[in-house]
Structure formats: structure tokens, C-alpha cells
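Visitor: Have a look at this one.
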Amino acid sequence: MNLEVSNSRPTLLIISGWAHGLETIRPLGHTLSDQFDIQLITGAQVLKDQAIPDVDYIIAGSMGGLLSLELLPEASKKLILISSTAKFCTGEGYPCGTPEKIIKRMILQLKKNPRAVLTEFYKNVHFPAPPLTPTPKTDLDSLVKGLEYLLHSDVRKKVPEIKIPVLLMHGENDRIIPPQATEWLHRNLPKSQIKIFRNAGHALPAHQFAEIIADIRSFLSFETGC
């Protein structure tokens, strides 16, 4: 975890998704550090700890968003979910996800040829933009545990109990989590705003950075008094 602490400013926690380290969320933290005290943590670390620090605001992507819905601290005032979901895999009555067989196959292949799995994953993450292939700052065991979590996680029952305002952002061409998952969240959260990015995929912060930052500042500006 990377922590910059001040006694006068609100705290903002940023959580990464599966197979993404702190380097992928550090630009968000750096840019927003003029308004907030920033904490950065990987989704893999949250999954290991089964806890999220008490902070004022949370920004979470993909698996990090799923963990945030499950482990939301009582102290948090607002939540921002980027390319996320309440259930990663499809199921009975829930078509807004990835078939379980794909995740099971990824787990098996990851143990045999992790480079090939991650290369294909990053290609889909960045579609329709050219792929970027960062080196994940996590070990193979953590990657497998992350996939196992995505395979079995389902926090839909908790969604109506989340009373704080939630900003939902999603790309219409997301190949990892379909935008219908965010639309489901919007219908079932008591207080939510939704924005679907046209001609965009899963990795919104990597390719729509300026627009993402503007939306975050706008969503948080009222409470921070900025």
C-alpha cells in the first residue's frame, strides 16, 4: 500500500483490478493528490486481507470494484466503480458476465503458460485501443486466487444495502465485463449515477484519462467543497 497522510484533507483509496499492480493506478492517485490524501492498494492485497481501510472515498476497477461492494467500510461516503460488476460470471437469471468455463480454462492455462494468458488478457482489456502489456506486480498464486474469487463471487444481495452515492463508469466495448453489468448495478443501487463511454473498452483510465478525472472531480466536488 502507498499512503500519503494529511490531517486536513479527505482520504481517497484507489483499488486496482485483477493482474494489475500499483503502477496502473498511480497516475490517478498522483493527479488527484491535489485534493485528497491518497492510498493505493491492489485488488490482490484486498482479497488477501479481506478488508478495506477506513477511508472517505473509494475508486475501484474491475475485481477491485467487486471487492469494494463486498467489503465496503462503514465510514466511506462515496464509491466510484470503473468497469466493474456485482457478479463476474454469468448465472441463472444473470447474463451480464463471463461464462464460468472461460475462467476455469484461464486458471488451468495460467498454471501452464502464464505469459500467454496475460498477453491475451491485456489485449482484451485495452480493446479497442492497441494493447498494453504491463508486468503484473503479483505472483502466480495471487493471480489464480483472483480468478477463483471471480469465478465464485456474487454480491448482488448486498447491492441494495449500499446507501452511499455511487458513480458507475463503463466502456460500451468492454470485452472483460459487459456494460450490462454496470446497468444492472445502476438499476439496483439506491443512489447511483451511470456513464457509458462510447467507443471505449475495459481500461478506461488508460485511454480516457482526462474524462475520467473530470468525472471523478465532479462527483466528489460537492462534499469536498471544491
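Letters for chains follow the order of the C-alpha cells (A, B, ...), residue numbers begin at 1 for each chain, and ligand numbers begin at 1 in the order shown.
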Could you give me, as a VMD selection string, the residues within 12 Å of A:Pro114, counting only C-alpha atoms and dropping anything in the same chain fewer than 2 positions from it?
Guide: chain A and resid 19 106 to 112 116 to 121 135 to 136 139 to 141 143 to 144
Visitor: For the residues in that selection, give me C-alpha atoms as a compact mmCIF listing (two decimals), in the first residue's frame.
Guide:
# COMPACT_ATOMS: atom_id res chain seq x y z
CA ALA A 19 -3.44 -8.74 -12.78
CA MET A 106 -7.85 -19.47 -17.67
CA ILE A 107 -6.98 -20.98 -14.28
CA LEU A 108 -5.70 -24.17 -15.90
CA GLN A 109 -3.79 -22.32 -18.61
CA LEU A 110 -2.33 -19.81 -16.16
CA LYS A 111 -0.59 -22.61 -14.31
CA LYS A 112 0.95 -23.88 -17.59
CA ALA A 116 0.17 -16.41 -22.97
CA VAL A 117 -2.82 -15.97 -20.66
CA LEU A 118 -1.78 -12.48 -19.58
CA THR A 119 -0.94 -11.37 -23.12
CA GLU A 120 -4.42 -12.33 -24.30
CA PHE A 121 -5.98 -10.77 -21.21
CA THR A 135 4.16 -6.70 -15.91
CA PRO A 136 1.69 -7.64 -13.14
CA ASP A 139 2.68 -13.68 -8.07
CA LEU A 140 1.11 -16.62 -9.85
CA ASP A 141 -0.63 -17.83 -6.71
CA LEU A 143 -3.43 -14.44 -9.90
CA VAL A 144 -5.01 -17.88 -9.51
Visitor: List every residue of stretch 86-210 of chain A that DSSP, applied to the backbone, labels as alpha helix (DSSP H), and write the result as a ChimeraX atom specification.
Guide: /A:100-112,114-126,140-152,179-188,204-207,209-210
Visitor: Assign secondary structure with DSSP using the backbone only, and return the residues of stretch 4-217 of chain A in strand (DSSP E or B) as a ChimeraX atom specification.
Guide: /A:11-15,37-41,57-61,78-82,89,91,94,98,166-171,192-197
Visitor: Write out the residues from the selection above, keeping C-alpha atoms, as a PDB file, in the first residue's frame.
Guide:
ATOM      1  CA  THR A  11      -8.855  10.273   2.175  1.00  0.00           C
ATOM      2  CA  LEU A  12      -9.261   8.578  -1.205  1.00  0.00           C
ATOM      3  CA  LEU A  13      -8.443   4.903  -1.724  1.00  0.00           C
ATOM      4  CA  ILE A  14      -7.805   3.538  -5.238  1.00  0.00           C
ATOM      5  CA  ILE A  15      -8.004  -0.234  -5.786  1.00  0.00           C
ATOM      6  CA  ASP A  37      -4.795  12.108   0.725  1.00  0.00           C
ATOM      7  CA  ILE A  38      -4.236   9.094  -1.492  1.00  0.00           C
ATOM      8  CA  GLN A  39      -3.981   5.425  -0.633  1.00  0.00           C
ATOM      9  CA  LEU A  40      -3.195   2.873  -3.338  1.00  0.00           C
ATOM     10  CA  ILE A  41      -3.776  -0.854  -2.944  1.00  0.00           C
ATOM     11  CA  TYR A  57     -13.906   7.799  -0.760  1.00  0.00           C
ATOM     12  CA  ILE A  58     -13.059   4.762  -2.877  1.00  0.00           C
ATOM     13  CA  ILE A  59     -12.256   4.385  -6.578  1.00  0.00           C
ATOM     14  CA  ALA A  60     -12.107   0.760  -7.681  1.00  0.00           C
ATOM     15  CA  GLY A  61     -11.767  -1.004 -11.000  1.00  0.00           C
ATOM     16  CA  LYS A  78     -18.951   7.795  -1.843  1.00  0.00           C
ATOM     17  CA  LEU A  79     -17.867   4.994  -4.160  1.00  0.00           C
ATOM     18  CA  ILE A  80     -16.672   5.122  -7.770  1.00  0.00           C
ATOM     19  CA  LEU A  81     -16.722   1.897  -9.776  1.00  0.00           C
ATOM     20  CA  ILE A  82     -14.850   1.734 -13.078  1.00  0.00           C
ATOM     21  CA  CYS A  89     -19.645 -14.827 -14.145  1.00  0.00           C
ATOM     22  CA  GLY A  91     -25.522 -17.467 -13.870  1.00  0.00           C
ATOM     23  CA  TYR A  94     -27.899 -13.150 -14.741  1.00  0.00           C
ATOM     24  CA  THR A  98     -18.353 -14.130 -18.449  1.00  0.00           C
ATOM     25  CA  VAL A 166     -22.070   5.520  -6.346  1.00  0.00           C
ATOM     26  CA  LEU A 167     -20.654   6.684  -9.679  1.00  0.00           C
ATOM     27  CA  LEU A 168     -20.579   3.964 -12.331  1.00  0.00           C
ATOM     28  CA  MET A 169     -18.349   4.250 -15.406  1.00  0.00           C
ATOM     29  CA  HIS A 170     -18.077   1.659 -18.154  1.00  0.00           C
ATOM     30  CA  GLY A 171     -16.949   1.320 -21.765  1.00  0.00           C
ATOM     31  CA  SER A 192     -26.152   5.868  -8.413  1.00  0.00           C
ATOM     32  CA  GLN A 193     -25.076   7.782 -11.475  1.00  0.00           C
ATOM     33  CA  ILE A 194     -24.017   5.987 -14.643  1.00  0.00           C
ATOM     34  CA  LYS A 195     -21.853   6.956 -17.591  1.00  0.00           C
ATOM     35  CA  ILE A 196     -21.231   4.689 -20.563  1.00  0.00           C
ATOM     36  CA  PHE A 197     -18.186   5.688 -22.616  1.00  0.00           C
TER      37      PHE A 197
END
Visitor: Show which residues sit within 7 Å of A:Pro190, as a ChimeraX atom specification. Count only C-alpha atoms, and ignore same-chain residues fewer than 5 positions away.
Guide: /A:160,162-163
Visitor: Quick check, in Å to one decimal: how far apart do atom CA of A:Ile102 and atom CA of A:His20 lie?
Guide: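 Rounded to one decimal, the two atoms are 19.4 Å apart.
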Visitor: What separation in Å, quoted to one decimal, exists between atom CA of A:Lys145 and atom CA of A:Thr24?
Guide: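 Going from atom CA of A:Lys145 over to atom CA of A:Thr24, I get 20.0 Å.
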Visitor: Between A:Ser8, A:Ser84, A:Gln180, A:Asn173, which has the minimum distance to A:Arg198 (counting only C-alpha atoms)?
Guide: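 Checking each candidate against A:Arg198, we get A:Asn173 as the closest.
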Visitor: Distance atom CA of A:Lys87-atom CA of A:Gln45, one decimal place?
Guide: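 Atom CA of A:Gln45 lies at a distance of 19.5 Å from atom CA of A:Lys87.
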